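Visitor: Just dropping this structure here.
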Amino acid sequence: MTKHEDLLHMLLHADGQFVSGEEISRHLSISRTAVWKHVNKLREMGYEFEAVSRKGYRLITRPESIDETALQLALKTTTFGRKAIMLSSTSSTQADVLKLAEEGESEGAVVFAEEQTGGRGRFGRKWFSPPGKGIWMSVLLRPELPLQHTPQLTLMTGVAVCRAIRAYTGAEAGIKWPNDLLINDRKICGILLESAVEDHQVRYCIAGIGVDVNFDSQDYPEDLQQIATSIQIETGQAIDRTGLAAAILTEMEHLYFLYQKEGFGVISSLWEALSVSLNRKVTVTNPHGVIEGTAVGLDSSGALVVEKQDGVRELIISGEVTWKS
């Protein structure tokens with residue numbers, strides 16, 4: 001148990017009464033200054049305290065965690081989310097599900113974390129995932145697919161999350177190719193799909209989903225304040241993270257089974273209806289250079305179709321898409 005977890009344990013068992021700084025210091029074998037630092041760490045995690053001179057610290061409120069029992073009651077699935085592991089903190093839910101996959105865990109298993117200390121996005125970027133503010137989860141998929149079709153699963157996941165957010169919260173989320181979700185051109189969600197392959201067939205996929213749910217604007221570091229937003233900021237309401245997580249998993253299972261039965265065409269149509277990339281002049285940057293043109297649709301593989309000024313159409317398999325707002 002870490003020092004701040006030990007401190008939290010003390011305050012929870014005080015039943016709303018004050019615990020003196022001297023008692024905490026003695027119990028944890030740390031200085032009074034260190035006590036104050038650990039209290040602030042808990043504040044960052046969403047706990048609220050009353051601090052009174054010569055009385056000490058008293059726990060007032062604790063953050064609402066994603067609750068497994070409530071999740072199971074809210075799910076409308078047969079497999080997705082029925083095996084759910086809840087972690088208070090982890091380096092990366094992707095790594096946790098990778099371990100489960102290699103141990104033979106069944107499809108639909110999901111790992112949630114209140115906090116990720118090493119969350120990852122596309123192109124190896126760090127994903128900001130502080131405690132108690134978002135949905136940080138990874139889902140295990142075991143599709144019978146050739147490797148070249150895995151980008152379609154990324155698009156399917158984006159559609160599922162977008163539809164769930166719109167239905168559950170009323171937020172007007174849209175999809176930026178291939179898998180970012182935006183509201184008012186600011187990012188609220190990223191999706192990372194990673195695959196293990198053997199003999200050109202997919203052994204399993206891990207769909208990592210990070211949704212900024214109940215962030216306030218001041219929660220973001222300076223470098224994200226102009227490009228990121230949250231559902232709470234956009235709707236003006238705090239969102240029940242457990243209910244939203246259940247909605248995402250339910251929609252994801254529905255579309256996954258639909259995709260397996262009917263193919264990519266239905267997913268492509270749903271994606272295009274939710275897209276904020278289409279019919280815009282875009283710039284695509286990838287290892288082969290820069291392509292400019294108008295995004296006009298998806299092809300049958302899931303690649304973005306960009307029509308250049310000379311009328312030639314390019315298929316974008318990977319890359320960074322940007323546009324001027």
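If you're wondering about the labels, chains in the structure tokens are A, B, ... by order shown, residues count from 1 in each chain, ligands from 1 in order shown.
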Skipping near chain neighbours, those fewer than 2 positions away, what residues fall within 9 Å of stretch 298-308 of chain A using only C-alpha atoms, listed as a PyMOL selection string?
Guide: chain A and resi 148-149+151-152+155+177-178+264-265+268-269+271-272+281-282+284+291-296+310-318
Visitor: Using N, CA, C and O atoms, can you write the selected residues to a file as a compact mmCIF listing (two decimals), in the first residue's frame?
Guide:
# COMPACT_ATOMS: atom_id res chain seq x y z
N GLN A 148 -5.36 -7.62 -42.85
CA GLN A 148 -5.66 -6.38 -43.59
C GLN A 148 -7.02 -5.80 -43.25
O GLN A 148 -7.32 -4.66 -43.60
N HIS A 149 -7.86 -6.54 -42.56
CA HIS A 149 -9.19 -6.03 -42.21
C HIS A 149 -9.25 -5.40 -40.83
O HIS A 149 -10.30 -4.87 -40.44
N PRO A 151 -8.11 -2.57 -39.68
CA PRO A 151 -8.53 -1.15 -39.63
C PRO A 151 -10.05 -0.98 -39.57
O PRO A 151 -10.54 0.01 -39.03
N GLN A 152 -10.78 -1.94 -40.11
CA GLN A 152 -12.23 -1.85 -40.06
C GLN A 152 -12.74 -1.96 -38.62
O GLN A 152 -13.74 -1.33 -38.26
N LEU A 155 -12.52 1.46 -36.99
CA LEU A 155 -13.64 2.31 -37.38
C LEU A 155 -14.93 1.86 -36.70
O LEU A 155 -15.73 2.70 -36.26
N TRP A 177 -11.47 10.94 -38.86
CA TRP A 177 -10.78 9.74 -39.34
C TRP A 177 -9.40 9.61 -38.72
O TRP A 177 -8.68 10.60 -38.62
N PRO A 178 -9.00 8.40 -38.27
CA PRO A 178 -9.84 7.21 -38.33
C PRO A 178 -10.64 6.95 -37.05
O PRO A 178 -11.64 6.28 -37.08
N PHE A 264 -18.46 -5.07 -43.65
CA PHE A 264 -18.06 -3.70 -43.34
C PHE A 264 -19.01 -2.64 -43.89
O PHE A 264 -19.03 -1.51 -43.42
N GLY A 265 -19.83 -2.99 -44.87
CA GLY A 265 -20.67 -1.99 -45.53
C GLY A 265 -21.55 -1.22 -44.57
O GLY A 265 -21.64 0.02 -44.65
N SER A 268 -19.44 1.12 -42.46
CA SER A 268 -18.98 2.25 -43.27
C SER A 268 -20.06 3.32 -43.37
O SER A 268 -19.80 4.52 -43.23
N SER A 269 -21.31 2.89 -43.59
CA SER A 269 -22.42 3.85 -43.71
C SER A 269 -22.64 4.60 -42.40
O SER A 269 -22.85 5.82 -42.39
N TRP A 271 -20.38 5.07 -40.07
CA TRP A 271 -19.22 5.94 -39.85
C TRP A 271 -19.37 7.24 -40.64
O TRP A 271 -19.15 8.33 -40.10
N GLU A 272 -19.74 7.13 -41.90
CA GLU A 272 -19.86 8.32 -42.74
C GLU A 272 -20.94 9.27 -42.21
O GLU A 272 -20.80 10.48 -42.28
N LYS A 281 -11.80 20.29 -46.60
CA LYS A 281 -10.45 20.32 -47.16
C LYS A 281 -9.47 19.92 -46.05
O LYS A 281 -9.44 20.55 -45.00
N VAL A 282 -8.73 18.85 -46.30
CA VAL A 282 -7.87 18.27 -45.27
C VAL A 282 -6.43 18.21 -45.76
O VAL A 282 -6.15 18.23 -46.96
N VAL A 284 -3.22 15.63 -45.07
CA VAL A 284 -2.84 14.34 -44.51
C VAL A 284 -1.32 14.24 -44.51
O VAL A 284 -0.68 14.38 -45.55
N ILE A 291 -0.42 15.13 -48.29
CA ILE A 291 -1.45 15.12 -49.33
C ILE A 291 -2.53 16.11 -48.92
O ILE A 291 -2.98 16.12 -47.77
N GLU A 292 -2.94 16.96 -49.86
CA GLU A 292 -3.99 17.93 -49.61
C GLU A 292 -5.15 17.67 -50.56
O GLU A 292 -4.95 17.31 -51.72
N GLY A 293 -6.35 17.84 -50.05
CA GLY A 293 -7.52 17.63 -50.89
C GLY A 293 -8.78 17.64 -50.05
O GLY A 293 -8.77 18.09 -48.90
N THR A 294 -9.85 17.10 -50.60
CA THR A 294 -11.14 17.03 -49.91
C THR A 294 -11.43 15.59 -49.54
O THR A 294 -11.37 14.70 -50.39
N ALA A 295 -11.73 15.36 -48.27
CA ALA A 295 -12.10 14.01 -47.82
C ALA A 295 -13.51 13.73 -48.32
O ALA A 295 -14.45 14.46 -48.00
N VAL A 296 -13.67 12.65 -49.10
CA VAL A 296 -14.97 12.41 -49.74
C VAL A 296 -15.64 11.11 -49.30
O VAL A 296 -16.82 10.89 -49.59
N ASP A 310 -6.50 18.18 -58.55
CA ASP A 310 -6.49 17.75 -59.95
C ASP A 310 -7.51 16.64 -60.24
O ASP A 310 -7.58 16.11 -61.34
N GLY A 311 -8.32 16.29 -59.22
CA GLY A 311 -9.35 15.27 -59.42
C GLY A 311 -8.92 13.85 -59.12
O GLY A 311 -9.75 12.94 -59.09
N VAL A 312 -7.62 13.65 -58.93
CA VAL A 312 -7.12 12.31 -58.62
C VAL A 312 -7.47 11.97 -57.17
O VAL A 312 -7.35 12.80 -56.27
N ARG A 313 -7.94 10.73 -56.97
CA ARG A 313 -8.32 10.29 -55.62
C ARG A 313 -7.23 9.41 -55.02
O ARG A 313 -6.74 8.48 -55.66
N GLU A 314 -6.87 9.73 -53.79
CA GLU A 314 -5.86 8.97 -53.06
C GLU A 314 -6.53 8.22 -51.93
O GLU A 314 -7.44 8.74 -51.26
N LEU A 315 -6.05 7.00 -51.67
CA LEU A 315 -6.52 6.22 -50.53
C LEU A 315 -5.53 6.39 -49.38
O LEU A 315 -4.34 6.09 -49.53
N ILE A 316 -6.04 6.86 -48.24
CA ILE A 316 -5.20 7.09 -47.08
C ILE A 316 -5.39 5.92 -46.11
O ILE A 316 -6.46 5.73 -45.54
N ILE A 317 -4.33 5.14 -45.95
CA ILE A 317 -4.39 3.98 -45.06
C ILE A 317 -4.00 4.37 -43.64
O ILE A 317 -4.57 3.88 -42.66
N SER A 318 -3.03 5.27 -43.54
CA SER A 318 -2.62 5.77 -42.22
C SER A 318 -2.11 7.19 -42.37
O SER A 318 -1.73 7.60 -43.47
Visitor: I'd like the contact shell of A:Glu44 - 12 Å cut-off, only C-alpha atoms, skipping same-chain residues fewer than 6 positions apart - returned as a list of chain:residue names.
Guide: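 So, after excluding close chain neighbours, the residues are A:His4, A:Lys37, A:His38, A:Arg62, A:Pro63, A:Glu115, A:Pro130, A:Pro131, A:Gly132, A:Lys133, A:Phe215, A:Gln218, A:Asp219.
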Visitor: Take the residues from that selection and write them out as a short mmCIF file (atom, residue, chain, number, x, y, z; two decimals), in the first residue's frame, keeping N, CA, C and O atoms.
Guide:
data_model
loop_
_atom_site.label_atom_id
_atom_site.label_comp_id
_atom_site.auth_asym_id
_atom_site.auth_seq_id
_atom_site.Cartn_x
_atom_site.Cartn_y
_atom_site.Cartn_z
N HIS A 4 -0.16 7.44 0.22
CA HIS A 4 -1.44 8.14 0.10
C HIS A 4 -2.61 7.17 0.22
O HIS A 4 -3.69 7.54 0.69
N LYS A 37 1.52 16.91 1.40
CA LYS A 37 1.71 16.53 -0.01
C LYS A 37 0.83 15.34 -0.38
O LYS A 37 0.24 15.31 -1.47
N HIS A 38 0.70 14.37 0.54
CA HIS A 38 -0.14 13.21 0.24
C HIS A 38 -1.62 13.58 0.24
O HIS A 38 -2.41 13.01 -0.53
N ARG A 62 -15.80 11.66 -1.53
CA ARG A 62 -14.90 10.80 -2.29
C ARG A 62 -15.39 10.72 -3.73
O ARG A 62 -16.60 10.87 -3.98
N PRO A 63 -14.50 10.50 -4.70
CA PRO A 63 -14.93 10.47 -6.10
C PRO A 63 -15.79 9.24 -6.37
O PRO A 63 -15.64 8.20 -5.74
N GLU A 115 -7.18 5.37 -13.13
CA GLU A 115 -6.03 6.20 -13.54
C GLU A 115 -5.06 5.35 -14.32
O GLU A 115 -4.83 4.19 -14.00
N PRO A 130 -5.90 11.01 -16.00
CA PRO A 130 -5.83 11.19 -14.55
C PRO A 130 -6.98 10.48 -13.83
O PRO A 130 -7.96 10.06 -14.47
N PRO A 131 -6.89 10.34 -12.53
CA PRO A 131 -7.88 9.54 -11.79
C PRO A 131 -9.26 10.19 -11.71
O PRO A 131 -9.40 11.39 -11.54
N GLY A 132 -10.28 9.32 -11.84
CA GLY A 132 -11.65 9.72 -11.55
C GLY A 132 -12.33 10.62 -12.55
O GLY A 132 -13.45 11.05 -12.32
N LYS A 133 -11.68 10.93 -13.67
CA LYS A 133 -12.22 11.93 -14.60
C LYS A 133 -12.75 11.35 -15.90
O LYS A 133 -13.54 11.98 -16.58
N PHE A 215 -13.98 16.02 -16.93
CA PHE A 215 -12.92 17.01 -16.78
C PHE A 215 -13.53 18.41 -16.67
O PHE A 215 -14.50 18.72 -17.37
N GLN A 218 -9.79 23.43 -16.19
CA GLN A 218 -8.52 23.59 -15.49
C GLN A 218 -7.82 22.26 -15.22
O GLN A 218 -6.66 22.24 -14.79
N ASP A 219 -8.50 21.14 -15.47
CA ASP A 219 -7.89 19.83 -15.26
C ASP A 219 -6.84 19.52 -16.32
O ASP A 219 -5.96 18.69 -16.10
#
Visitor: Determine which residues of stretch 65-158 of chain A receive a DSSP assignment of helix (DSSP H, G or I), computed from the backbone, and state them as a ChimeraX atom specification.
Guide: /A:68-74,93-102,122-124,147-158
Visitor: Quick one: pull the distance between atom CA of A:Ala173 and atom CA of A:Met137, Å, one decimal.
Guide: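 Distance between the two atoms: 19.0 Å.
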Visitor: Pick out the residues sitting within 6 Å of stretch 203-209 of chain A, and hand them over as an NGL selection string; count only C-alpha atoms, and ignore anything fewer than 4 positions along from it in its own chain.
Guide: :A and (137-142 or 191-197)
Visitor: Keeping only C-alpha atoms, write the selected residues to a file as a short mmCIF file (atom, residue, chain, number, x, y, z; two decimals), in the first residue's frame.
Guide:
data_model
loop_
_atom_site.label_atom_id
_atom_site.label_comp_id
_atom_site.auth_asym_id
_atom_site.auth_seq_id
_atom_site.Cartn_x
_atom_site.Cartn_y
_atom_site.Cartn_z
CA MET A 137 -10.57 0.83 -20.65
CA SER A 138 -9.40 -1.90 -23.00
CA VAL A 139 -11.52 -4.68 -24.50
CA LEU A 140 -10.32 -8.07 -25.73
CA LEU A 141 -11.55 -9.13 -29.19
CA ARG A 142 -10.93 -12.48 -30.89
CA ILE A 191 -9.11 4.79 -29.67
CA LEU A 192 -6.08 2.53 -30.07
CA LEU A 193 -6.46 -0.90 -31.64
CA GLU A 194 -3.54 -3.31 -31.37
CA SER A 195 -3.39 -6.80 -32.87
CA ALA A 196 -1.46 -10.05 -32.44
CA VAL A 197 -1.07 -12.00 -35.69
#
Visitor: What residues in stretch 14-244 of chain A get the DSSP label strand (DSSP E)? Please answer as an NGL selection string.
Guide: :A and (48-52 or 56-61 or 84-87 or 110-113 or 134-141 or 174-176 or 180-183 or 186-198 or 201-212)
Visitor: Mind giving me the straight-line distance from atom CA of A:Leu11 to atom CA of A:Gly134 in Å, one decimal?
Guide: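 Those two atoms sit 24.6 Å apart.
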Visitor: Write out as a PyMOL selection string which residues come within 6 Å of stretch 238-252 of chain A when counting only C-alpha atoms, dropping same-chain ones fewer than 6 positions away.
Guide: chain A and resi 66+71+74-77+160-161+164+214+232
Visitor: Could you please determine the separation between atom CA of A:Thr79 and atom CA of A:Ser106 in Å, to one decimal place?
Guide: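 Distance between the two atoms: 8.8 Å.
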Visitor: Would you pick out the contacts of A:Val39 at 12 Å or less, using only C-alpha atoms, so that residues sharing its chain but fewer than 4 positions from it are not included, and give the list as a ChimeraX atom specification?
Guide: /A:3-8,10-11,21,24-25,32-35,43-51,56-59
Visitor: For the residues in that selection, give me N, CA, C and O atoms as a CSV table (one decimal), in the first residue's frame.
Guide:
chain,number,residue,atom,x,y,z
A,3,LYS,N,1.8,5.4,0.5
A,3,LYS,CA,1.5,6.3,1.6
A,3,LYS,C,0.2,7.0,1.4
A,3,LYS,O,-0.6,7.1,2.4
A,4,HIS,N,-0.2,7.4,0.2
A,4,HIS,CA,-1.4,8.1,0.1
A,4,HIS,C,-2.6,7.2,0.2
A,4,HIS,O,-3.7,7.5,0.7
A,5,GLU,N,-2.4,5.9,-0.2
A,5,GLU,CA,-3.5,4.9,0.0
A,5,GLU,C,-3.6,4.6,1.5
A,5,GLU,O,-4.8,4.4,2.0
A,6,ASP,N,-2.5,4.5,2.2
A,6,ASP,CA,-2.6,4.3,3.7
A,6,ASP,C,-3.3,5.5,4.4
A,6,ASP,O,-4.1,5.3,5.3
A,7,LEU,N,-2.9,6.7,3.9
A,7,LEU,CA,-3.6,7.9,4.5
A,7,LEU,C,-5.1,7.8,4.2
A,7,LEU,O,-5.9,8.1,5.1
A,8,LEU,N,-5.5,7.5,3.0
A,8,LEU,CA,-6.9,7.4,2.6
A,8,LEU,C,-7.6,6.4,3.5
A,8,LEU,O,-8.7,6.6,4.0
A,10,MET,N,-6.8,5.5,6.6
A,10,MET,CA,-7.0,6.1,7.9
A,10,MET,C,-8.3,7.1,7.9
A,10,MET,O,-9.1,7.0,8.8
A,11,LEU,N,-8.4,7.9,6.9
A,11,LEU,CA,-9.4,8.9,6.9
A,11,LEU,C,-10.8,8.3,6.6
A,11,LEU,O,-11.8,8.7,7.2
A,21,GLY,N,-2.9,15.9,12.1
A,21,GLY,CA,-1.7,15.8,11.3
A,21,GLY,C,-0.6,15.0,12.0
A,21,GLY,O,0.2,14.2,11.5
A,24,ILE,N,-1.3,11.3,11.9
A,24,ILE,CA,-1.0,10.8,10.5
A,24,ILE,C,0.5,10.6,10.3
A,24,ILE,O,1.0,9.6,9.8
A,25,SER,N,1.2,11.7,10.7
A,25,SER,CA,2.6,11.7,10.6
A,25,SER,C,3.3,10.5,11.3
A,25,SER,O,4.1,9.8,10.8
A,32,ARG,N,5.2,16.2,8.7
A,32,ARG,CA,4.0,16.9,8.5
A,32,ARG,C,3.9,17.5,7.1
A,32,ARG,O,2.8,17.6,6.5
A,33,THR,N,5.0,17.9,6.6
A,33,THR,CA,5.0,18.5,5.2
A,33,THR,C,4.6,17.4,4.2
A,33,THR,O,3.9,17.6,3.2
A,34,ALA,N,5.2,16.2,4.4
A,34,ALA,CA,4.8,15.0,3.5
A,34,ALA,C,3.4,14.7,3.7
A,34,ALA,O,2.7,14.3,2.7
A,35,VAL,N,2.8,14.8,4.9
A,35,VAL,CA,1.4,14.5,5.0
A,35,VAL,C,0.6,15.5,4.1
A,35,VAL,O,-0.4,15.1,3.4
A,43,ARG,N,-6.4,14.9,-3.2
A,43,ARG,CA,-7.2,15.9,-3.8
A,43,ARG,C,-7.2,15.8,-5.3
A,43,ARG,O,-8.3,16.0,-6.0
A,44,GLU,N,-6.1,15.6,-5.9
A,44,GLU,CA,-5.9,15.5,-7.4
A,44,GLU,C,-6.7,14.3,-7.9
A,44,GLU,O,-7.2,14.2,-9.0
A,45,MET,N,-6.9,13.3,-7.0
A,45,MET,CA,-7.7,12.1,-7.4
A,45,MET,C,-9.2,12.2,-7.2
A,45,MET,O,-9.9,11.3,-7.4
A,46,GLY,N,-9.6,13.4,-6.7
A,46,GLY,CA,-11.0,13.7,-6.6
A,46,GLY,C,-11.6,13.7,-5.2
A,46,GLY,O,-12.8,13.9,-5.0
A,47,TYR,N,-10.7,13.4,-4.2
A,47,TYR,CA,-11.2,13.4,-2.8
A,47,TYR,C,-11.2,14.9,-2.3
A,47,TYR,O,-10.3,15.6,-2.7
A,48,GLU,N,-12.1,15.2,-1.5
A,48,GLU,CA,-12.2,16.5,-0.9
A,48,GLU,C,-12.1,16.4,0.6
A,48,GLU,O,-12.7,15.6,1.3
A,49,PHE,N,-11.3,17.4,1.2
A,49,PHE,CA,-11.0,17.4,2.6
A,49,PHE,C,-11.3,18.7,3.2
A,49,PHE,O,-11.3,19.8,2.6
A,50,GLU,N,-11.6,18.7,4.5
A,50,GLU,CA,-11.6,19.9,5.3
A,50,GLU,C,-10.4,19.9,6.2
A,50,GLU,O,-10.1,18.8,6.9
A,51,ALA,N,-9.6,20.9,6.2
A,51,ALA,CA,-8.3,21.0,7.0
A,51,ALA,C,-8.5,22.1,7.9
A,51,ALA,O,-8.7,23.3,7.5
A,56,GLY,N,-6.7,18.9,12.3
A,56,GLY,CA,-6.2,18.0,11.3
A,56,GLY,C,-7.1,17.9,10.0
A,56,GLY,O,-7.5,19.0,9.6
A,57,TYR,N,-7.3,16.8,9.5
A,57,TYR,CA,-7.9,16.6,8.2
A,57,TYR,C,-9.2,15.7,8.4
A,57,TYR,O,-9.2,14.7,9.1
A,58,ARG,N,-10.2,16.1,7.6
A,58,ARG,CA,-11.4,15.3,7.6
A,58,ARG,C,-11.9,15.1,6.2
A,58,ARG,O,-12.0,16.0,5.4
A,59,LEU,N,-12.2,13.8,5.9
A,59,LEU,CA,-12.7,13.5,4.5
A,59,LEU,C,-14.1,14.0,4.4
A,59,LEU,O,-15.0,13.6,5.2
Visitor: Using only C-alpha atoms for the distances, tell me which of A:Ala14, A:Ala95, A:Ser230, A:Lys41 is nearest to A:Thr169.
Guide: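 Closest candidate: A:Ser230.
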Visitor: Which neighbours of A:Glu234 fall inside 9 Å, counting only C-alpha atoms, when residues of the same chain fewer than 5 positions from it are skipped, and could you give them as a short mmCIF file (atom, residue, chain, number, x, y, z; two decimals) with N, CA and C atoms, in the first residue's frame?
Guide:
data_model
loop_
_atom_site.label_atom_id
_atom_site.label_comp_id
_atom_site.auth_asym_id
_atom_site.auth_seq_id
_atom_site.Cartn_x
_atom_site.Cartn_y
_atom_site.Cartn_z
N ALA A 171 -24.49 14.61 -26.06
CA ALA A 171 -23.40 15.40 -26.64
C ALA A 171 -23.29 15.11 -28.14
N GLU A 172 -23.07 16.16 -28.93
CA GLU A 172 -23.00 16.03 -30.38
C GLU A 172 -21.59 15.64 -30.81
N ILE A 183 -15.90 17.04 -30.24
CA ILE A 183 -17.06 17.91 -30.10
C ILE A 183 -16.56 19.33 -30.34
N ASN A 184 -17.21 20.02 -31.28
CA ASN A 184 -16.77 21.39 -31.64
C ASN A 184 -15.29 21.43 -31.99
N THR A 229 -11.35 18.58 -24.92
CA THR A 229 -12.51 18.99 -24.14
C THR A 229 -13.11 17.74 -23.52
#
Visitor: Within 6 Å of A:Gly81, counting only C-alpha atoms, which residues qualify if same-chain residues fewer than 5 places away don't, as an MDAnalysis selection string?
Guide: chainID A and resid 108:110
